[in-house]
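coords-v3.cif follows; it contains mmCIF, C-alpha atoms.
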```
data_start
loop_
_atom_site.label_atom_id
_atom_site.label_comp_id
_atom_site.auth_asym_id
_atom_site.auth_seq_id
_atom_site.Cartn_x
_atom_site.Cartn_y
_atom_site.Cartn_z
CA MET A 15 149.30 -105.73 -200.76
CA ASP A 16 151.33 -104.39 -203.67
CA PHE A 17 152.78 -100.93 -203.37
CA LEU A 18 152.99 -98.90 -206.58
CA ARG A 19 155.14 -95.77 -206.63
CA PRO A 20 154.81 -93.72 -209.82
CA ALA A 21 157.37 -90.92 -210.26
CA THR A 22 155.23 -88.88 -212.64
CA TRP A 23 151.54 -88.31 -213.34
CA GLU A 24 151.87 -90.23 -216.63
CA ASP A 25 153.32 -93.20 -214.73
CA ALA A 26 150.44 -92.97 -212.26
CA LEU A 27 147.84 -93.11 -215.05
CA ALA A 28 149.60 -96.05 -216.71
CA MET A 29 149.76 -97.94 -213.40
CA LYS A 30 146.08 -97.24 -212.65
CA ALA A 31 145.15 -98.49 -216.14
CA ALA A 32 147.12 -101.70 -215.55
CA ARG A 33 145.81 -102.08 -211.98
CA PRO A 34 142.26 -100.71 -211.74
CA ASP A 35 142.02 -102.44 -208.36
CA ALA A 36 144.74 -100.19 -206.89
CA THR A 37 143.63 -97.67 -204.22
CA PRO A 38 145.25 -94.26 -204.65
CA ILE A 39 146.83 -92.89 -201.47
CA GLN A 40 148.01 -89.33 -200.77
CA GLY A 41 147.78 -88.11 -197.15
CA GLY A 42 146.58 -91.55 -196.09
CA THR A 43 144.39 -90.21 -193.29
CA ASP A 44 141.38 -92.11 -194.60
CA VAL A 45 142.88 -95.11 -196.41
CA MET A 46 145.17 -95.95 -193.48
CA VAL A 47 142.32 -96.03 -190.97
CA GLU A 48 140.66 -98.78 -192.99
CA ILE A 49 143.93 -100.71 -193.21
CA ASN A 50 144.88 -100.32 -189.52
CA LEU A 51 141.43 -101.36 -188.35
CA ASP A 52 141.53 -104.33 -190.74
CA LYS A 53 138.30 -103.23 -192.41
CA GLY A 54 139.59 -104.49 -195.72
CA ARG A 55 143.06 -104.32 -197.14
CA PRO A 56 143.43 -103.00 -200.67
CA THR A 57 145.09 -105.42 -203.09
CA ALA A 58 147.39 -102.60 -204.13
CA LEU A 59 148.17 -99.03 -203.09
CA LEU A 60 149.10 -96.38 -205.63
CA ASP A 61 151.20 -93.80 -203.79
CA LEU A 62 150.72 -90.38 -205.37
CA ASN A 63 153.04 -88.55 -202.96
CA PRO A 64 156.02 -88.58 -205.35
CA VAL A 65 153.99 -86.80 -208.06
CA ALA A 66 155.02 -83.30 -207.03
CA GLU A 67 152.77 -81.42 -209.45
CA LEU A 68 149.68 -82.64 -207.57
CA SER A 69 150.53 -80.44 -204.62
CA ARG A 70 150.12 -77.23 -206.66
CA TRP A 71 147.12 -75.03 -207.26
CA SER A 72 146.53 -72.54 -210.08
CA TRP A 73 143.84 -70.56 -211.88
CA THR A 74 142.06 -72.03 -214.90
CA ALA A 75 142.00 -70.05 -218.14
CA GLY A 76 138.84 -68.60 -219.69
CA PRO A 77 136.34 -65.85 -218.96
CA ALA A 78 135.35 -67.20 -215.53
CA PRO A 79 138.58 -68.52 -213.99
CA MET A 80 138.31 -71.15 -211.28
CA LEU A 81 140.82 -72.31 -208.71
CA ARG A 82 142.30 -75.61 -209.79
CA VAL A 83 143.25 -77.36 -206.55
CA GLY A 84 145.66 -80.25 -207.15
CA ALA A 85 144.99 -83.65 -205.60
CA GLY A 86 147.95 -83.27 -203.23
CA VAL A 87 146.98 -79.92 -201.69
CA THR A 88 146.44 -80.49 -197.96
CA TYR A 89 143.63 -78.93 -195.92
CA THR A 90 146.22 -76.85 -194.04
CA ARG A 91 147.49 -75.31 -197.27
CA LEU A 92 143.97 -74.86 -198.63
CA ILE A 93 143.06 -72.89 -195.48
CA ALA A 94 146.24 -70.78 -195.51
CA GLU A 95 146.60 -70.16 -199.24
CA LEU A 96 143.08 -70.32 -200.70
CA GLY A 97 140.86 -69.25 -197.80
CA GLY A 98 140.42 -65.72 -199.19
CA TRP A 99 138.85 -66.99 -202.42
CA LEU A 100 137.13 -70.08 -201.01
CA PRO A 101 135.87 -69.03 -197.56
CA GLY A 102 133.19 -71.73 -197.28
CA LEU A 103 135.57 -74.51 -198.23
CA ALA A 104 138.24 -73.11 -195.90
CA GLN A 105 135.74 -72.93 -193.04
CA ALA A 106 134.79 -76.58 -193.60
CA SER A 107 138.46 -77.49 -193.89
CA ARG A 108 139.21 -75.96 -190.49
CA THR A 109 136.85 -78.53 -188.96
CA VAL A 110 138.28 -81.60 -190.73
CA GLY A 111 139.79 -84.19 -188.36
CA SER A 112 142.44 -82.55 -186.19
CA PRO A 113 145.37 -80.23 -186.97
CA GLN A 114 147.57 -83.29 -187.51
CA ILE A 115 145.05 -84.76 -189.96
CA ARG A 116 144.75 -81.44 -191.81
CA ASN A 117 148.52 -81.34 -192.26
CA ARG A 118 148.32 -84.57 -194.30
CA GLY A 119 144.76 -85.02 -195.53
CA THR A 120 143.57 -83.58 -198.84
CA LEU A 121 140.28 -82.32 -200.21
CA VAL A 122 140.63 -84.64 -203.20
CA GLY A 123 141.06 -87.55 -200.79
CA ASN A 124 137.62 -86.64 -199.46
CA LEU A 125 136.30 -86.90 -203.04
CA GLY A 126 138.03 -90.23 -203.64
CA ALA A 127 136.53 -91.72 -200.48
CA ALA A 128 133.10 -90.19 -201.30
CA SER A 129 131.80 -90.72 -197.78
CA PRO A 130 128.43 -89.00 -197.38
CA ALA A 131 129.87 -87.46 -194.18
CA GLY A 132 132.98 -85.87 -195.73
CA ASP A 133 133.27 -82.22 -194.68
CA GLY A 134 134.56 -81.06 -198.05
CA HIS A 135 131.47 -82.07 -200.02
CA PRO A 136 128.81 -79.54 -198.93
CA PRO A 137 130.89 -76.44 -199.81
CA LEU A 138 131.93 -78.01 -203.14
CA LEU A 139 128.25 -78.62 -203.96
CA ALA A 140 127.29 -75.11 -202.86
CA SER A 141 130.00 -73.58 -205.08
CA GLY A 142 129.35 -75.74 -208.15
CA ALA A 143 132.80 -77.35 -208.35
CA LEU A 144 134.08 -79.60 -211.14
CA VAL A 145 136.10 -82.78 -210.59
CA GLU A 146 139.00 -83.21 -213.03
CA ALA A 147 139.26 -86.95 -213.66
CA GLU A 148 141.95 -88.37 -215.91
CA SER A 149 142.95 -91.73 -217.34
CA VAL A 150 145.20 -92.88 -220.17
CA ARG A 151 142.07 -92.42 -222.34
CA GLY A 152 141.82 -88.70 -221.60
CA THR A 153 140.52 -86.04 -219.23
CA ARG A 154 136.96 -85.18 -218.26
CA LEU A 155 135.40 -82.61 -215.95
CA ILE A 156 132.61 -84.07 -213.82
CA PRO A 157 130.13 -81.57 -212.33
CA ILE A 158 130.16 -82.13 -208.58
CA GLY A 159 126.42 -82.85 -208.51
CA GLU A 160 127.01 -85.86 -210.78
CA PHE A 161 130.07 -87.13 -208.95
CA TYR A 162 128.55 -88.85 -205.92
CA MET A 163 126.89 -92.14 -206.89
CA GLY A 164 126.15 -93.83 -203.57
CA VAL A 165 127.57 -94.46 -200.11
CA LYS A 166 131.36 -94.29 -200.64
CA ARG A 167 130.88 -94.61 -204.41
CA ASN A 168 131.81 -91.97 -206.95
CA ALA A 169 131.62 -91.56 -210.72
CA LEU A 170 135.25 -92.52 -211.39
CA GLU A 171 135.99 -95.37 -213.80
CA GLY A 172 138.45 -98.04 -212.69
CA ASP A 173 141.31 -96.53 -214.67
CA GLU A 174 140.66 -92.94 -213.64
CA LEU A 175 142.38 -90.79 -211.02
CA ILE A 176 141.34 -87.37 -209.73
CA ARG A 177 143.98 -84.88 -210.78
CA ALA A 178 142.38 -81.76 -209.32
CA VAL A 179 139.13 -80.12 -208.36
CA HIS A 180 138.06 -76.83 -209.96
CA VAL A 181 136.26 -74.44 -207.62
CA PRO A 182 134.77 -71.06 -208.59
CA PRO A 183 135.99 -68.24 -206.33
CA ALA A 184 133.32 -66.95 -203.95
CA ALA A 185 130.95 -64.38 -205.46
CA GLY A 186 129.51 -63.50 -202.06
CA PRO A 187 129.45 -64.72 -198.46
CA GLN A 188 129.65 -68.44 -197.73
CA CYS A 189 129.04 -70.43 -194.58
CA PHE A 190 129.53 -74.01 -193.37
CA ALA A 191 128.03 -75.61 -190.26
CA LYS A 192 128.13 -79.12 -188.84
CA VAL A 193 126.91 -81.05 -185.83
CA GLY A 194 129.15 -83.53 -184.07
CA THR A 195 129.90 -84.98 -180.66
CA ARG A 196 133.39 -83.64 -180.17
CA ASN A 197 135.21 -80.74 -181.77
CA ALA A 198 138.14 -82.67 -183.23
CA MET A 199 138.05 -86.00 -185.06
CA VAL A 200 134.32 -85.98 -185.38
CA ILE A 201 132.41 -87.61 -188.19
CA ALA A 202 129.61 -85.16 -188.90
CA VAL A 203 126.14 -86.15 -187.69
CA CYS A 204 125.02 -83.80 -190.43
CA SER A 205 126.47 -80.74 -192.12
CA PHE A 206 125.39 -77.91 -194.36
CA ALA A 207 126.97 -75.28 -196.60
CA VAL A 208 125.52 -72.24 -198.29
CA ALA A 209 127.18 -69.99 -200.88
CA LEU A 210 125.54 -66.73 -201.91
CA ASP A 211 126.24 -65.31 -205.35
CA LEU A 212 125.41 -61.62 -204.94
CA ARG A 213 125.97 -60.79 -208.62
CA ALA A 214 123.82 -63.57 -210.08
CA ARG A 215 121.39 -63.36 -207.11
CA ARG A 216 121.57 -67.05 -206.55
CA ALA A 217 122.35 -69.35 -203.66
CA GLY A 218 124.13 -72.71 -203.72
CA THR A 219 123.62 -75.33 -201.03
CA GLY A 220 125.20 -78.60 -199.94
CA ILE A 221 123.96 -81.16 -197.42
CA GLY A 222 126.31 -83.68 -195.81
CA SER A 223 125.73 -86.88 -193.85
CA ALA A 224 121.97 -86.84 -194.30
CA ALA A 225 121.44 -88.95 -197.44
CA PRO A 226 123.30 -91.80 -199.20
CA THR A 227 125.38 -89.12 -200.93
CA PRO A 228 126.14 -85.46 -200.30
CA ARG A 229 123.48 -83.51 -202.19
CA ARG A 230 122.12 -80.06 -202.98
CA ALA A 231 118.78 -78.74 -201.75
CA HIS A 232 117.43 -77.59 -205.12
CA ALA A 233 114.04 -76.36 -203.92
CA ALA A 234 115.71 -74.33 -201.16
CA GLU A 235 118.07 -72.74 -203.70
CA GLU A 236 115.18 -71.80 -206.01
CA PHE A 237 113.25 -70.41 -203.05
CA LEU A 238 116.14 -68.09 -202.08
CA ALA A 239 116.74 -66.96 -205.66
CA GLY A 240 113.10 -65.99 -205.97
CA GLU A 241 112.18 -64.80 -202.48
CA LEU A 242 115.28 -63.32 -200.85
CA ASP A 243 115.32 -59.51 -200.92
CA TRP A 244 118.76 -59.34 -202.54
CA ASP A 245 118.87 -55.51 -202.33
CA GLY A 246 117.52 -55.37 -198.80
CA ALA A 247 119.50 -53.94 -195.92
CA GLY A 248 119.35 -55.46 -192.46
CA PRO A 249 118.99 -59.07 -191.43
CA VAL A 250 117.19 -61.83 -193.33
CA ASP A 251 113.43 -62.02 -192.76
CA PRO A 252 113.09 -64.68 -190.01
CA ALA A 253 110.11 -66.33 -191.70
CA LEU A 254 112.07 -66.61 -194.94
CA ALA A 255 115.08 -68.09 -193.14
CA ARG A 256 112.84 -70.60 -191.38
CA ARG A 257 111.21 -71.65 -194.66
CA PHE A 258 114.66 -72.01 -196.22
CA GLY A 259 115.64 -74.32 -193.33
CA GLU A 260 112.51 -76.43 -193.83
CA LEU A 261 113.21 -76.80 -197.55
CA VAL A 262 116.78 -77.87 -196.83
CA ALA A 263 115.55 -80.48 -194.35
CA GLU A 264 113.01 -81.74 -196.88
CA ALA A 265 115.79 -82.30 -199.42
CA ALA A 266 117.58 -84.70 -197.05
CA ALA A 267 116.98 -88.44 -196.82
CA PRO A 268 118.69 -89.36 -193.57
CA ILE A 269 118.79 -92.67 -191.77
CA ASP A 270 118.99 -93.72 -188.12
CA ASP A 271 122.53 -94.82 -187.31
CA VAL A 272 125.10 -94.82 -184.50
CA ARG A 273 125.76 -91.09 -184.89
CA GLY A 274 122.18 -89.87 -184.82
CA ARG A 275 118.54 -90.46 -185.62
CA ALA A 276 116.93 -89.49 -188.91
CA ASP A 277 114.43 -87.09 -187.33
CA TYR A 278 117.19 -85.42 -185.33
CA ARG A 279 119.24 -84.96 -188.49
CA ARG A 280 116.28 -83.37 -190.29
CA HIS A 281 115.68 -81.03 -187.38
CA ALA A 282 119.36 -80.12 -187.04
CA LEU A 283 119.62 -79.44 -190.78
CA ALA A 284 116.68 -77.03 -190.65
CA VAL A 285 118.29 -75.17 -187.75
CA MET A 286 121.78 -75.12 -189.30
CA ALA A 287 120.48 -73.95 -192.68
CA ARG A 288 118.45 -71.16 -191.09
CA ARG A 289 121.42 -69.99 -189.03
CA ALA A 290 123.98 -70.41 -191.83
CA LEU A 291 121.88 -68.22 -194.10
CA GLY A 292 121.66 -65.58 -191.38
CA TRP A 293 125.40 -65.67 -190.72
CA ALA A 294 126.26 -65.48 -194.40
CA TRP A 295 123.84 -62.62 -194.97
CA ALA A 296 125.22 -60.71 -191.95
CA GLU A 297 128.70 -60.95 -193.45
CA ARG A 298 127.43 -59.20 -196.55
CA GLU A 299 126.55 -56.15 -194.50
CA VAL A 300 130.07 -55.66 -193.18
CA MET B 62 156.87 -106.62 -200.44
CA ASP B 63 159.97 -104.97 -198.95
CA ALA B 64 161.39 -101.51 -199.54
CA ARG B 65 164.59 -99.74 -198.60
CA ILE B 66 164.28 -96.22 -197.32
CA THR B 67 166.25 -93.72 -195.29
CA LEU B 68 164.79 -91.57 -192.56
CA ARG B 69 166.49 -88.84 -190.59
CA VAL B 70 165.18 -89.42 -187.09
CA ASP B 71 165.98 -86.92 -184.34
CA GLY B 72 169.03 -85.81 -186.27
CA ARG B 73 170.39 -89.29 -187.04
CA VAL B 74 170.36 -90.88 -190.49
CA ARG B 75 168.60 -94.24 -190.20
CA PRO B 76 168.53 -96.59 -193.23
CA LEU B 77 165.72 -99.13 -193.08
CA ALA B 78 164.51 -102.22 -194.92
CA LEU B 79 160.86 -102.78 -194.19
CA ASP B 80 157.60 -104.21 -195.42
CA THR B 81 155.73 -101.58 -197.43
CA ARG B 82 152.75 -102.03 -195.09
CA THR B 83 154.72 -100.69 -192.10
CA THR B 84 153.45 -97.42 -190.67
CA LEU B 85 155.86 -94.66 -189.71
CA LEU B 86 154.89 -95.29 -186.07
CA ASP B 87 155.78 -99.00 -186.25
CA ALA B 88 158.98 -98.20 -188.13
CA LEU B 89 160.04 -95.82 -185.36
CA ARG B 90 159.05 -98.03 -182.46
CA ASP B 91 159.67 -101.57 -183.71
CA HIS B 92 162.46 -101.08 -186.25
CA LEU B 93 164.41 -98.19 -184.74
CA SER B 94 163.49 -98.54 -181.04
CA VAL B 95 162.47 -94.89 -180.92
CA THR B 96 159.68 -95.41 -178.43
CA SER B 97 158.72 -91.86 -177.53
CA PRO B 98 155.81 -91.76 -180.00
CA LYS B 99 153.12 -93.97 -178.46
CA LYS B 100 150.53 -96.22 -180.07
CA GLY B 101 147.25 -95.27 -178.45
CA CYS B 102 144.43 -95.91 -180.89
CA ASP B 103 146.21 -96.66 -184.21
CA HIS B 104 143.62 -94.75 -186.21
CA GLY B 105 144.39 -91.09 -185.78
CA GLN B 106 141.94 -90.33 -182.98
CA CYS B 107 144.19 -89.89 -179.96
CA GLY B 108 147.32 -88.08 -181.18
CA ALA B 109 149.70 -90.02 -178.90
CA CYS B 110 151.85 -90.91 -181.94
CA THR B 111 152.27 -87.29 -183.07
CA VAL B 112 155.71 -86.50 -184.51
CA LEU B 113 157.05 -83.64 -186.61
CA LEU B 114 157.49 -84.74 -190.23
CA ASP B 115 159.62 -82.19 -192.08
CA GLY B 116 158.61 -79.75 -189.35
CA ARG B 117 154.85 -80.31 -189.47
CA ARG B 118 152.92 -82.24 -186.83
CA VAL B 119 151.33 -85.45 -188.11
CA VAL B 120 149.94 -88.66 -186.62
CA SER B 121 152.56 -91.27 -187.47
CA CYS B 122 150.06 -94.15 -187.28
CA LEU B 123 148.32 -93.00 -190.47
CA ILE B 124 151.44 -92.69 -192.61
CA LEU B 125 153.22 -95.51 -194.37
CA ALA B 126 156.93 -95.32 -193.65
CA VAL B 127 157.77 -96.05 -197.29
CA THR B 128 156.12 -92.74 -198.28
CA CYS B 129 158.56 -90.87 -196.02
CA ASP B 130 161.83 -91.79 -197.74
CA GLY B 131 164.35 -89.00 -197.14
CA ALA B 132 162.13 -87.18 -194.64
CA GLU B 133 163.17 -85.55 -191.39
CA VAL B 134 161.29 -86.99 -188.41
CA THR B 135 161.46 -85.31 -184.99
CA THR B 136 160.02 -87.08 -181.95
CA ALA B 137 159.65 -85.66 -178.44
CA GLN B 138 162.89 -87.50 -177.62
CA GLY B 139 164.73 -85.49 -180.25
CA LEU B 140 163.45 -82.09 -179.18
CA ALA B 141 165.95 -81.75 -176.36
CA GLN B 142 169.16 -79.96 -177.32
CA GLU B 143 172.47 -80.87 -175.66
CA GLY B 144 170.73 -82.47 -172.71
CA GLU B 145 168.51 -79.43 -172.16
CA PRO B 146 164.76 -79.95 -172.49
CA HIS B 147 162.94 -78.03 -175.21
CA PRO B 148 161.13 -74.95 -173.78
CA VAL B 149 157.77 -76.71 -174.32
CA GLN B 150 159.04 -79.77 -172.42
CA ARG B 151 160.24 -77.52 -169.60
CA ALA B 152 156.85 -75.77 -169.49
CA PHE B 153 155.11 -79.17 -169.21
CA LEU B 154 157.41 -80.06 -166.29
CA GLU B 155 156.96 -76.75 -164.52
CA LYS B 156 153.18 -76.75 -164.85
CA ASP B 157 152.79 -80.45 -164.04
CA ALA B 158 151.03 -80.88 -167.37
CA PHE B 159 150.68 -84.68 -167.20
CA GLN B 160 149.80 -87.50 -164.91
CA CYS B 161 150.63 -90.93 -166.36
CA GLY B 162 152.65 -89.43 -169.20
CA PHE B 163 151.54 -91.75 -172.00
CA CYS B 164 150.10 -88.96 -174.15
CA THR B 165 152.83 -86.45 -173.24
CA PRO B 166 155.34 -87.04 -176.09
CA GLY B 167 152.50 -86.59 -178.56
CA GLN B 168 151.18 -83.54 -176.73
CA VAL B 169 154.65 -81.98 -176.72
CA CYS B 170 155.26 -82.59 -180.45
CA SER B 171 151.77 -81.34 -181.22
CA ALA B 172 152.38 -78.19 -179.16
CA VAL B 173 155.71 -77.48 -180.86
CA GLY B 174 154.05 -77.86 -184.28
CA MET B 175 151.12 -75.76 -183.11
CA LEU B 176 153.34 -72.86 -182.02
CA GLU B 177 154.94 -72.83 -185.48
CA GLU B 178 151.50 -72.78 -187.12
CA VAL B 179 150.51 -69.83 -184.94
CA LYS B 180 153.73 -68.03 -185.88
CA ALA B 181 152.87 -68.61 -189.56
CA GLY B 182 149.45 -67.03 -188.92
CA HIS B 183 147.33 -70.13 -189.64
CA PRO B 184 143.75 -69.54 -188.44
CA SER B 185 141.85 -72.20 -186.49
CA GLU B 186 138.15 -72.97 -186.19
CA VAL B 187 137.85 -70.48 -183.31
CA THR B 188 139.88 -67.63 -184.85
CA ASP B 189 137.67 -64.57 -185.39
CA ASP B 190 139.99 -62.49 -187.54
CA LEU B 191 141.12 -64.81 -190.34
CA THR B 192 143.73 -62.44 -191.73
CA GLY B 193 145.37 -60.89 -188.68
CA PRO B 194 147.97 -62.36 -186.31
CA VAL B 195 146.66 -65.08 -183.97
CA THR B 196 146.28 -64.36 -180.25
CA LEU B 197 146.92 -67.63 -178.47
CA ASP B 198 144.31 -67.50 -175.72
CA ASP B 199 142.95 -70.53 -173.84
CA GLU B 200 140.21 -71.16 -176.39
CA GLU B 201 142.75 -71.18 -179.23
CA ILE B 202 145.11 -73.49 -177.31
CA ARG B 203 142.29 -75.95 -176.60
CA GLU B 204 141.11 -75.95 -180.21
CA ARG B 205 144.61 -76.24 -181.64
CA LEU B 206 145.50 -79.18 -179.36
CA SER B 207 142.14 -80.88 -179.88
CA GLY B 208 143.81 -83.68 -181.86
CA ASN B 209 145.53 -84.94 -178.68
CA LEU B 210 143.58 -86.78 -176.01
CA CYS B 211 144.69 -87.14 -172.37
CA ARG B 212 142.86 -89.91 -170.56
CA CYS B 213 144.12 -88.61 -167.18
CA GLY B 214 142.51 -85.28 -167.94
CA ALA B 215 145.58 -83.10 -167.46
CA TYR B 216 144.18 -80.57 -169.90
CA VAL B 217 144.00 -77.70 -167.42
CA ASN B 218 147.73 -77.84 -166.78
CA ILE B 219 148.57 -78.49 -170.43
CA VAL B 220 146.74 -75.28 -171.33
CA ALA B 221 148.55 -73.48 -168.50
CA ALA B 222 151.94 -74.72 -169.76
CA LEU B 223 151.24 -73.54 -173.28
CA ARG B 224 149.76 -70.23 -172.16
CA GLU B 225 153.06 -69.52 -170.42
CA GLU B 226 155.01 -70.66 -173.46
CA ALA B 227 152.87 -68.50 -175.76
CA GLU B 228 153.40 -65.43 -173.60
CA SER B 229 157.18 -65.85 -173.45
#
```

Please go through the file and, once you have read it, give me the structure as structure tokens.
Amino acid sequence: MDFLRPATWEDALAMKAARPDATPIQGGTDVMVEINLDKGRPTALLDLNPVAELSRWSWTAGPAPMLRVGAGVTYTRLIAELGGWLPGLAQASRTVGSPQIRNRGTLVGNLGAASPAGDGHPPLLASGALVEAESVRGTRLIPIGEFYMGVKRNALEGDELIRAVHVPPAAGPQCFAKVGTRNAMVIAVCSFAVALDLRARRAGTGIGSAAPTPRRAHAAEEFLAGELDWDGAGPVDPALARRFGELVAEAAAPIDDVRGRADYRRHALAVMARRALGWAWAEREV
Amino acid sequence: MDARITLRVDGRVRPLALDTRTTLLDALRDHLSVTSPKKGCDHGQCGACTVLLDGRRVVSCLILAVTCDGAEVTTAQGLAQEGEPHPVQRAFLEKDAFQCGFCTPGQVCSAVGMLEEVKAGHPSEVTDDLTGPVTLDDEEIRERLSGNLCRCGAYVNIVAALREEAES
């Protein structure tokens, strides 16, 4: 196993171009598990820790600025520094692994691994994030909905690295929910995120661990945009919330596996989506 | 493939030549004979290998030592000052917060890191007010130490030890 240590981002891109087989490593909380359990040893590791700029975040320019979260920003820092703007993502981040994992692990690592169960994906889908991928050939922004290609497969080319993820600041309440067997260190049985945009009167959704890739529930989003009483006071109409839950469950394509059965996942998704909508809506009233 | 690095472990500068595949945990235990961090599961589940890396608690089994060149590593062994146990270590002793002791060095490092996180105002999954100061009640202690398993089930006394420490 070769170990590549670029000092700068440019070095990292050059090394990735020369060694497309190299696995990038930052916090290591995912890559190292595979190595320690001997599930397959990468031919080379590309250590991005020395590239200091990756651990910064900033605002993008333009009329609708987004938060540009560098590939080295840990979950702990995301929670502490960005939670006010990205409440759904911060809520999901507070459930990732354990405190020790969150001190090392990164949101962009979640994207690189592209596990359907990654906790970061549903809120990124619900917010409409963009993945900033770069290679020696140039930079491109991949809409999050086009990023996940299959189980643990993403849209990156062999010579590309993720430099950052761009996330729009919340335009309304957001909520994340997941089901698991233990509080810490759990791989989600299924998970769900909703983001309400009170100005545009739109809702974003994200489903985790209930299809080959994380995915949105488009029909459920359209239903809320059209049917939710956006000006209404008081709680969400229970029938509407239930229908929303059903539409979310219908958007999933779960399987039976060691963590749960497909029909359980569908049921749990419907319940989580119904509740998450209610919780998010209640926050709006405060 | 070998690499030369330097770690500062429990206050001592320790130069090392090691295979780049070596984890921080193996470097500490097998290369430096610092055996207080324990290898429980070797994939981040149990927390027995928890150390403080530049002041933050991490599981040393999921970190390659070569990525830690120049870093400050504190193990439970290094928490004692001039022969006096760290206040968290003393609280564990006074509350009988262990049985076999295998997980204890990790629990102690995790607790020390946790108290710093609370001081810095970091919210947890069970924190209601995300912006205010954190009140370290039993629910918060349990959530914040949820990355450390104790197979003897000494949790009740671990919580008691840290409740006392939080109040002092």

Task: Nearest to Asp71 in chain B by atom-to-atom distance, counting all atoms listed in the file, from B:Ala141, B:Leu210, B:Ala172, B:Val120 - done: B:Ala141

Task: Residues returned when the PyMOL selection byres ((chain B) within 9 of (chain A)) runs on this file, as a count of residues only - done: 35

Open item on the list: Quick check on the file I pasted: which residues fall under the PyMOL selection byres ((chain B and resi 213) around 8)? Write them as a ChimeraX atom specification.
Closed with: /B:159-161,211-212,214-215

For range 276-294 of chain A, what centre and edge lengths in Å (one decimal) does the axis-aligned box get once 8 Å is added on each side of all its listed atoms, as JSON?
```
{"center_x": 120.3, "center_y": -77.5, "center_z": -189.9, "size_x": 27.8, "size_y": 40.0, "size_z": 25.1}
```

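Nearest to Gly126 in chain A of all the residues A:Gly84, A:Gly159, A:Pro187, A:Pro38 is A:Pro38, counting only C-alpha atoms.
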
Task: Given only C-alpha atoms as the counted atoms, nearest of A:Tyr162, A:Phe190, A:Trp295, A:Phe237 to Leu254 in chain A - done: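 The closest residue to Leu254 in chain A is A:Phe237.
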
- [ ] I would like the residues chosen by the PyMOL selection byres ((chain B and resi 148) around 12) on the shown file; could you give them as a list in words?
- [x]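 When the PyMOL selection byres ((chain B and resi 148) around 12) is applied, the selected residues are Ala137, Leu140, Ala141, Gln142, Glu145, Pro146, His147, Val149, Gln150, Arg151, Ala152, Phe153, Leu154, Glu155, Val169, Cys170, Ala172, Val173, Leu176, Ala222, Leu223, Glu225, Glu226, Ala227 and Ser229 of chain B.
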